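Read through the structure below, which is laid out as structure tokens, and then see the notes.
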Amino acid sequence: MIPVAALAGGGVAQAAKPSPASADFHWLGDAPPTAPGAAVWGAPWPRGAVKPKTTLTAIAADGQALPLQTWPLAYWPDGSLKWTGHALAGPVAKGFQVRPGKPVAPSKSVVVRETPERIEVAAGDLVCRFARTGSNLIESVSLAGRETLRGGRLVVLNQNTPPGDLSPRETQVFDGAIDAVTIEQRGPVRAVVRFEGRHRGAGRDWLPFTLRVAVDADGRLTLTHSFAFDGDGNKDFIAGLGIRFDVPLTDELHNRHVRFAGEGEGMWGEAVRNIPGWQPTKFALAAKFQDQLRGERVPDLAAMDAKTRDQLLTVPAWNGYRLFQGDADAFTIDKRTNTKSSWLRADHGGRAPGLGYVGGVSGGVAFGLRHFWQRHPTGLEIDGATTDAATVTLWLWSPQAGAMDLRHYSDKAHGLEIQYEDVEEGHSTPLGIARTNQIFLWPVAATPTRAALSAMAKATTEPALPVAAPAYYQSVGAFGGVFTSVDRSTPVKAKLEAAHDRLLGFYQHEIEQRRWYGFWDHGDLMHTYDQDRHVWRYDVGGYAWANSELVPDLWLWTAFMRTGRADLFRMAEAMTRHTGEVDVHHLGPFKGLGSRHNVSHWGDGAKEARISQSLLRRHYYYLTADERTGDLMADLYDGDHALLAVNPVRKVAAKTKYPTQARSGPDWFAFASNWLVAWERTGDTKWRDKIVKGLDAIAASSHGMFTGPPFGYDPATATLYDLGSAFTTSYHLVTIMGGAELVFELDGLIDDPAWSKAWVRFCAYYNAPLAERQAALGPAAIDRYFAYPVWHARLTAWAAVKLKDPVLAKRAWTEFLAKTKTGQENSPEPITRVAGMTVLNPIDEMEGVSTNQSAQWALNLFELLALVGDAAPESLPAGWE
């Protein structure tokens, strides 16, 4: 349980003495790096412990200093470092410590050189040249003086007819054109070059992109590719989206090699021209076939006798290769001799990790596309393997799949009452949605062994990440610190933790069982279960995709912070990548807002800040130092201005004299989370002042936190205006979209007694018995405005700590464990097996499950254990499962 002293009082919790500035890290899932490549991550620090100019070093378990690069990510209110970003070079098998000290440089330090025409990044004998203009973003990559890669570029194929339309179609080709180039980091462990531009072709510039290329001291290039859709979903059908480059080839065809990784340690590999090993009595080099299959050099043509040479030249040489992941469970490998000949099926499998290689015994490039099978339809394609340069395309969307269809699922409106769908003309649009993908490139001096390529495939699938222990994250107050490590100290707590484990395991199984995969879907969960059909309500308006409703993002991240489990991190990572990109409009009239839950991720008419808010991205950004996530949050610093175009209560509240309206929650609290990120990332107190201004306005309004929740709002001045609308609508949305978690964290950052008093009053009376609530707030404070008591038990717990009231602490647990009239807010149900004719396939299901309920039940459990864990009952209520 969090010590009461850490939360008591009306303002900031003051540490008596800064904790020592050192942090221990281990590899997520105890999985150290399997292939060359710097590890990048974020480290939190206690308030006051690390000054901004402090240098940090990394020390291995054996006392050896490790090459480390450091940069600031966030600051505490006193100006000390709150989070730092790091890049670590070199093979590190076990844990290490980061502490004050002079860092050592890697043996091959990364150096950046600039000219008016290009940017050059070198790491030892690896030299990468990047363009400032044009379409070839990566001009060339050389290793030990030999060019291994050139012409790195982006490609888009667009067609004018939707999938399934058999009328004549036109396919247009677009290349990525550079608008701006920025050097974001300059080494010595890692340099980052950022490109911004649009795709150009057919008399049109569209699909804005950002491509970051990180070059590290271990010789790997990491590409982070993001694009936003700015076309017309009814007319533009993207048929291919990829990253392409050329690999110079100088070896003879029988000394050139192609590899594709399969499941597990599986590896498909052949030479461009195979040595026939099946005619040992007729072909002199038959014994060399195994050497060739291993990628080792076999005799050149000049070293062969005439007969052997002539025989070998009759063997087919394969010019084209492709691996296509058409769905989550099947990939195929095809090859062909030339464009005038058919493709030949070479092999097939289930789930490819997305790694390939093309090159020769003199060098080549291994390449990997992360989340390959999860984001189908994807592909790896090699063309020109028999020429002097093979062209590699990593297809983020493969042309073999047919074009993507971003039209809304229906051209008619469906009722809010029956379908739970908010429909509005012009709102069901994909304009502004985005997607980010990660690519790894390994330039190599020779064809790697199959074991080395298998290790690269594993690194592509799950890049190694340093993390700290849950107790450390909690001790330094990471993300407010209102969580504890898993607590099974009493029989009741053990049963609650077991119930949560069952719930988490159920959702992990559902992702696999329901195949919640695909380019646009990967990372999201469904909203509500359809018990009659034994499926999720995938086709029922707002009951389909969850889109961060009731913050399952925070549930998963907090679950990770409590446990340190790698599987939970990967699940939360996928959700953050999805919800921050696909569920949010990054350009157009709804820029800065997200789409409420719907059959189509972008389809609902409600565009709200509760989906786009930075509160849902902070964990991933600070734990990984991911620059793209930093971009997404920076774009939201002034996100409140989006309400000028889209008033969130326009359909239920009359227009006022103010520019727009905002609810205290989830709207204003979402803006406050954006400002918190701006404040902690920049140190600029103007963002803090915006938060304080809003908190004070709410506290000073006619009913404090019970005012509204709609307020008049002016984004130009960040001013909330009391509309006198207290006790006219429900307050349940105020805190369940992350508002409670935000305020819990702000309590330790901002000293505002008036606000703290108003907040504690809200917490104490939200779930209070009717008579008690009305005695304090007036007869208008009736029960129907205070719904979902289980989801608000944490408020009672907070009040209990602040008021030092053991009666409230016990009441919080009673509220959490109570079975409501509908029974929908109680503990997770048992998991049952359903088979036979009522389902397509046998399934495991949890009756009546709702992601809203699951996320809020779990977060309340975590927070009650942290705030009032000592007040937990000795036994569970009758009938509690």
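Chain labels follow the order of the structure tokens: the first chain is A, the next B, and so on; residue numbering restarts at 1 in every chain, and ligands are counted from 1 in their shown order.
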Original post:
Taking the backbone alone, and naming residues the way the document does, which bits of stretch 555-623 of chain A are strand (DSSP E or B) by DSSP, as number ranges by chain?
Top reply: A: 584, 594-595, 598, 607-608
Would you output that residue set with all heavy atoms, as a compact mmCIF listing (two decimals), in the first residue's frame?
```txt
# COMPACT_ATOMS: atom_id res chain seq x y z
N VAL A 584 -7.17 8.23 -34.14
CA VAL A 584 -7.05 9.68 -34.00
C VAL A 584 -6.91 10.31 -35.39
O VAL A 584 -6.27 9.75 -36.27
CB VAL A 584 -5.82 10.04 -33.13
CG1 VAL A 584 -5.62 11.55 -33.06
CG2 VAL A 584 -5.98 9.45 -31.73
N GLY A 594 -10.02 12.16 -31.42
CA GLY A 594 -10.14 10.76 -31.77
C GLY A 594 -11.58 10.38 -32.02
O GLY A 594 -12.50 11.14 -31.71
N SER A 595 -11.76 9.21 -32.60
CA SER A 595 -13.11 8.72 -32.91
C SER A 595 -13.60 7.78 -31.82
O SER A 595 -12.90 6.85 -31.43
CB SER A 595 -13.12 7.98 -34.25
OG SER A 595 -12.91 8.86 -35.31
N ASN A 598 -16.49 2.21 -32.55
CA ASN A 598 -17.37 2.01 -33.71
C ASN A 598 -16.97 0.76 -34.46
O ASN A 598 -15.91 0.18 -34.22
CB ASN A 598 -17.28 3.23 -34.63
CG ASN A 598 -18.41 3.28 -35.65
OD1 ASN A 598 -18.22 2.90 -36.79
ND2 ASN A 598 -19.58 3.74 -35.22
N LYS A 607 -16.24 12.89 -32.13
CA LYS A 607 -14.80 13.09 -32.21
C LYS A 607 -14.37 13.77 -30.92
O LYS A 607 -14.78 14.91 -30.65
CB LYS A 607 -14.43 13.94 -33.43
CG LYS A 607 -15.03 13.45 -34.75
CD LYS A 607 -14.54 12.05 -35.13
CE LYS A 607 -15.11 11.62 -36.48
NZ LYS A 607 -14.72 10.25 -36.84
N GLU A 608 -13.56 13.07 -30.13
CA GLU A 608 -13.31 13.55 -28.78
C GLU A 608 -11.85 13.46 -28.36
O GLU A 608 -11.10 12.59 -28.83
CB GLU A 608 -14.19 12.78 -27.79
CG GLU A 608 -15.67 12.92 -28.08
CD GLU A 608 -16.54 12.75 -26.85
OE1 GLU A 608 -15.99 12.61 -25.74
OE2 GLU A 608 -17.77 12.75 -26.99
```
Can you list every residue in stretch 431-556 of chain A that DSSP puts in helix (DSSP H, G or I), as a compact mmCIF listing (two decimals) with N, CA, C and O atoms, in the first residue's frame?
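Done, and the output landed in states.txt:
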```txt
# COMPACT_ATOMS: atom_id res chain seq x y z
N ARG A 450 22.52 -19.21 -41.07
CA ARG A 450 21.10 -19.30 -40.78
C ARG A 450 20.82 -18.99 -39.32
O ARG A 450 19.78 -18.41 -38.98
N ALA A 451 21.73 -19.36 -38.44
CA ALA A 451 21.55 -19.05 -37.03
C ALA A 451 21.56 -17.54 -36.80
O ALA A 451 20.76 -17.00 -36.01
N ALA A 452 22.46 -16.84 -37.47
CA ALA A 452 22.53 -15.38 -37.32
C ALA A 452 21.27 -14.72 -37.85
O ALA A 452 20.74 -13.77 -37.25
N LEU A 453 20.76 -15.20 -38.98
CA LEU A 453 19.54 -14.64 -39.53
C LEU A 453 18.33 -14.95 -38.64
O LEU A 453 17.43 -14.13 -38.48
N SER A 454 18.32 -16.14 -38.06
CA SER A 454 17.25 -16.48 -37.14
C SER A 454 17.27 -15.54 -35.93
O SER A 454 16.21 -15.12 -35.44
N ALA A 455 18.46 -15.19 -35.47
CA ALA A 455 18.58 -14.24 -34.36
C ALA A 455 18.09 -12.86 -34.77
O ALA A 455 17.47 -12.15 -33.98
N MET A 456 18.36 -12.46 -36.01
CA MET A 456 17.84 -11.18 -36.50
C MET A 456 16.32 -11.22 -36.58
O MET A 456 15.65 -10.21 -36.31
N ALA A 457 15.77 -12.36 -36.98
CA ALA A 457 14.31 -12.49 -37.04
C ALA A 457 13.71 -12.32 -35.65
O ALA A 457 12.68 -11.64 -35.49
N LYS A 458 14.33 -12.88 -34.66
CA LYS A 458 13.84 -12.74 -33.29
C LYS A 458 13.94 -11.29 -32.84
O LYS A 458 13.03 -10.76 -32.18
N ALA A 459 15.04 -10.62 -33.20
CA ALA A 459 15.20 -9.21 -32.84
C ALA A 459 14.18 -8.34 -33.56
O ALA A 459 13.78 -7.29 -33.03
N THR A 460 13.78 -8.74 -34.75
CA THR A 460 12.75 -8.01 -35.48
C THR A 460 11.40 -8.14 -34.78
O THR A 460 10.65 -7.18 -34.65
N THR A 461 11.11 -9.33 -34.34
CA THR A 461 9.82 -9.61 -33.71
C THR A 461 9.69 -8.93 -32.36
O THR A 461 8.68 -8.27 -32.07
N PRO A 470 9.32 -3.45 -11.08
CA PRO A 470 8.11 -2.71 -10.68
C PRO A 470 8.30 -1.89 -9.42
O PRO A 470 7.80 -0.77 -9.33
N ALA A 471 9.03 -2.43 -8.44
CA ALA A 471 9.22 -1.69 -7.19
C ALA A 471 9.96 -0.39 -7.42
O ALA A 471 9.70 0.62 -6.74
N TYR A 472 10.89 -0.38 -8.38
CA TYR A 472 11.61 0.86 -8.66
C TYR A 472 10.68 1.89 -9.30
O TYR A 472 10.68 3.07 -8.90
N TYR A 473 9.89 1.47 -10.28
CA TYR A 473 8.96 2.41 -10.91
C TYR A 473 8.03 3.03 -9.86
O TYR A 473 7.74 4.23 -9.88
N GLN A 474 7.54 2.20 -8.94
CA GLN A 474 6.63 2.70 -7.93
C GLN A 474 7.35 3.63 -6.96
O GLN A 474 6.82 4.69 -6.59
N SER A 475 8.56 3.30 -6.61
CA SER A 475 9.28 4.09 -5.60
C SER A 475 9.62 5.49 -6.08
O SER A 475 9.70 6.42 -5.27
N ALA A 478 6.74 6.97 -10.73
CA ALA A 478 6.49 6.95 -12.18
C ALA A 478 4.99 6.94 -12.45
O ALA A 478 4.26 6.12 -11.89
N PHE A 479 4.53 7.88 -13.25
CA PHE A 479 3.13 8.01 -13.63
C PHE A 479 2.21 8.17 -12.42
O PHE A 479 1.08 7.70 -12.40
N GLY A 480 2.72 8.82 -11.40
CA GLY A 480 1.93 9.08 -10.21
C GLY A 480 2.07 8.04 -9.13
O GLY A 480 1.76 8.29 -7.97
N PRO A 491 -5.61 -14.02 1.82
CA PRO A 491 -6.45 -14.85 0.94
C PRO A 491 -7.35 -14.03 0.02
O PRO A 491 -7.53 -14.38 -1.14
N VAL A 492 -7.91 -12.93 0.52
CA VAL A 492 -8.78 -12.10 -0.30
C VAL A 492 -7.99 -11.46 -1.43
O VAL A 492 -8.40 -11.47 -2.60
N LYS A 493 -6.85 -10.90 -1.08
CA LYS A 493 -6.03 -10.26 -2.12
C LYS A 493 -5.55 -11.29 -3.15
O LYS A 493 -5.50 -11.00 -4.35
N ALA A 494 -5.24 -12.47 -2.68
CA ALA A 494 -4.80 -13.51 -3.61
C ALA A 494 -5.91 -13.88 -4.58
O ALA A 494 -5.67 -14.08 -5.78
N LYS A 495 -7.16 -13.96 -4.09
CA LYS A 495 -8.28 -14.28 -4.97
C LYS A 495 -8.53 -13.16 -5.97
O LYS A 495 -8.84 -13.40 -7.14
N LEU A 496 -8.39 -11.91 -5.52
CA LEU A 496 -8.59 -10.78 -6.42
C LEU A 496 -7.51 -10.74 -7.50
O LEU A 496 -7.80 -10.49 -8.67
N GLU A 497 -6.27 -10.99 -7.10
CA GLU A 497 -5.19 -11.02 -8.08
C GLU A 497 -5.39 -12.17 -9.07
O GLU A 497 -5.13 -12.03 -10.27
N ALA A 498 -5.87 -13.30 -8.56
CA ALA A 498 -6.11 -14.44 -9.44
C ALA A 498 -7.24 -14.11 -10.43
O ALA A 498 -7.18 -14.50 -11.61
N ALA A 499 -8.27 -13.41 -9.96
CA ALA A 499 -9.36 -13.03 -10.85
C ALA A 499 -8.84 -12.08 -11.94
O ALA A 499 -9.24 -12.18 -13.11
N HIS A 500 -7.96 -11.19 -11.55
CA HIS A 500 -7.40 -10.28 -12.55
C HIS A 500 -6.52 -11.04 -13.54
O HIS A 500 -6.56 -10.76 -14.75
N ASP A 501 -5.74 -11.96 -13.06
CA ASP A 501 -4.92 -12.78 -13.97
C ASP A 501 -5.81 -13.51 -14.97
O ASP A 501 -5.47 -13.62 -16.16
N ARG A 502 -6.92 -14.03 -14.48
CA ARG A 502 -7.84 -14.75 -15.38
C ARG A 502 -8.41 -13.80 -16.43
O ARG A 502 -8.53 -14.15 -17.62
N LEU A 503 -8.73 -12.58 -16.01
CA LEU A 503 -9.29 -11.60 -16.94
C LEU A 503 -8.27 -11.21 -18.00
O LEU A 503 -8.57 -11.18 -19.20
N LEU A 504 -7.05 -10.93 -17.58
CA LEU A 504 -6.00 -10.58 -18.54
C LEU A 504 -5.73 -11.73 -19.50
O LEU A 504 -5.60 -11.55 -20.71
N GLY A 505 -5.64 -12.92 -18.95
CA GLY A 505 -5.40 -14.09 -19.78
C GLY A 505 -6.50 -14.31 -20.79
O GLY A 505 -6.25 -14.72 -21.94
N PHE A 506 -7.73 -14.03 -20.38
CA PHE A 506 -8.86 -14.16 -21.29
C PHE A 506 -8.70 -13.23 -22.48
O PHE A 506 -8.88 -13.63 -23.63
N TYR A 507 -8.34 -11.97 -22.23
CA TYR A 507 -8.19 -11.02 -23.33
C TYR A 507 -7.01 -11.39 -24.23
O TYR A 507 -7.08 -11.24 -25.46
N GLN A 508 -5.94 -11.86 -23.64
CA GLN A 508 -4.81 -12.29 -24.46
C GLN A 508 -5.24 -13.44 -25.37
O GLN A 508 -4.86 -13.49 -26.55
N HIS A 509 -6.03 -14.34 -24.82
CA HIS A 509 -6.52 -15.47 -25.62
C HIS A 509 -7.52 -14.99 -26.67
O HIS A 509 -7.55 -15.52 -27.80
N GLU A 510 -8.33 -13.99 -26.35
CA GLU A 510 -9.30 -13.48 -27.31
C GLU A 510 -8.62 -12.87 -28.53
O GLU A 510 -9.09 -13.02 -29.66
N ILE A 511 -7.53 -12.16 -28.31
CA ILE A 511 -6.81 -11.59 -29.45
C ILE A 511 -6.44 -12.68 -30.44
O ILE A 511 -6.59 -12.53 -31.65
N GLU A 512 -5.99 -13.79 -29.91
CA GLU A 512 -5.60 -14.92 -30.76
C GLU A 512 -6.83 -15.68 -31.26
O GLU A 512 -6.94 -16.02 -32.44
N GLN A 513 -7.77 -15.94 -30.37
CA GLN A 513 -8.94 -16.73 -30.74
C GLN A 513 -9.80 -16.03 -31.78
O GLN A 513 -10.31 -16.66 -32.71
N GLY A 541 -22.63 -0.94 -34.41
CA GLY A 541 -22.34 0.45 -34.06
C GLY A 541 -21.22 0.64 -33.07
O GLY A 541 -20.08 0.22 -33.29
N GLY A 542 -21.53 1.30 -31.96
CA GLY A 542 -20.53 1.63 -30.95
C GLY A 542 -20.15 0.48 -30.04
O GLY A 542 -19.37 0.68 -29.10
N TYR A 543 -20.66 -0.71 -30.30
CA TYR A 543 -20.30 -1.86 -29.47
C TYR A 543 -19.14 -2.66 -30.07
O TYR A 543 -18.78 -3.70 -29.53
N PRO A 552 -8.73 1.11 -21.61
CA PRO A 552 -8.02 -0.16 -21.47
C PRO A 552 -6.51 0.03 -21.64
O PRO A 552 -5.73 -0.79 -21.13
N ASP A 553 -6.09 1.10 -22.32
CA ASP A 553 -4.67 1.41 -22.45
C ASP A 553 -4.02 1.53 -21.06
O ASP A 553 -2.97 0.95 -20.80
N LEU A 554 -4.66 2.32 -20.19
CA LEU A 554 -4.11 2.50 -18.83
C LEU A 554 -4.16 1.21 -18.03
O LEU A 554 -3.28 0.95 -17.21
N TRP A 555 -5.18 0.41 -18.25
CA TRP A 555 -5.25 -0.88 -17.58
C TRP A 555 -4.02 -1.72 -17.93
O TRP A 555 -3.32 -2.22 -17.04
N LEU A 556 -3.74 -1.86 -19.22
CA LEU A 556 -2.63 -2.72 -19.62
C LEU A 556 -1.29 -2.16 -19.16
O LEU A 556 -0.42 -2.91 -18.70
```
Original post:
Got a sec: who's within 10 Å of stretch 283-296 of chain A, counting only C-alpha atoms, leaving out chain neighbours fewer than 3 positions off, as an NGL selection string?
Top reply: :A and (254-259 or 268-271 or 273-280 or 299 or 304-305 or 307-309 or 311-312 or 359-361 or 446-450)
Original post:
Hey, what's within 8 Å of A:Pro466 if we count only C-alpha atoms and toss same-chain stuff fewer than 2 positions away? As number ranges by chain, please?
Top reply: A: 25-28, 39-41, 464, 468
Selection above as a file: N, CA and C atoms, as a PDB file, in the first residue's frame:
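The resulting file, selection-v3.pdb, is reproduced below:
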```pdb
ATOM      1  N   PHE A  25      18.674  -2.007 -14.316  1.00  0.00           N
ATOM      2  CA  PHE A  25      17.861  -2.407 -15.452  1.00  0.00           C
ATOM      3  C   PHE A  25      18.172  -3.854 -15.836  1.00  0.00           C
ATOM      4  N   HIS A  26      17.163  -4.506 -16.332  1.00  0.00           N
ATOM      5  CA  HIS A  26      17.317  -5.855 -16.866  1.00  0.00           C
ATOM      6  C   HIS A  26      16.573  -5.884 -18.203  1.00  0.00           C
ATOM      7  N   TRP A  27      16.694  -6.966 -18.930  1.00  0.00           N
ATOM      8  CA  TRP A  27      16.055  -7.068 -20.241  1.00  0.00           C
ATOM      9  C   TRP A  27      14.618  -7.531 -20.089  1.00  0.00           C
ATOM     10  N   LEU A  28      13.721  -6.855 -20.779  1.00  0.00           N
ATOM     11  CA  LEU A  28      12.314  -7.240 -20.760  1.00  0.00           C
ATOM     12  C   LEU A  28      12.189  -8.721 -21.105  1.00  0.00           C
ATOM     13  N   ALA A  39      20.211  -0.760 -27.937  1.00  0.00           N
ATOM     14  CA  ALA A  39      18.958  -0.772 -27.187  1.00  0.00           C
ATOM     15  C   ALA A  39      18.609   0.666 -26.821  1.00  0.00           C
ATOM     16  N   VAL A  40      17.335   1.033 -26.995  1.00  0.00           N
ATOM     17  CA  VAL A  40      16.865   2.388 -26.706  1.00  0.00           C
ATOM     18  C   VAL A  40      15.709   2.288 -25.727  1.00  0.00           C
ATOM     19  N   TRP A  41      15.753   3.092 -24.669  1.00  0.00           N
ATOM     20  CA  TRP A  41      14.696   3.019 -23.663  1.00  0.00           C
ATOM     21  C   TRP A  41      14.693   4.291 -22.813  1.00  0.00           C
ATOM     22  N   ALA A 464      15.006  -6.116 -28.145  1.00  0.00           N
ATOM     23  CA  ALA A 464      15.385  -6.129 -26.735  1.00  0.00           C
ATOM     24  C   ALA A 464      15.157  -4.755 -26.119  1.00  0.00           C
ATOM     25  N   ALA A 468      13.108  -1.529 -15.728  1.00  0.00           N
ATOM     26  CA  ALA A 468      13.406  -1.607 -14.298  1.00  0.00           C
ATOM     27  C   ALA A 468      12.390  -2.516 -13.616  1.00  0.00           C
TER      28      ALA A 468
END
```
**OP:** Give me the residues within 12 Å of A:Pro188 as a ChimeraX atom specification, counting only C-alpha atoms and dropping any in the same chain fewer than 3 places off.
**Re:** /A:38,67-71,86-89,103-112,121-124,185,191-192,214-218
**OP:** Provide the atom CA of A:Thr528 to atom CA of A:Glu421 distance in Å, to one decimal place.
**Re:**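 The value is 13.3 Å.
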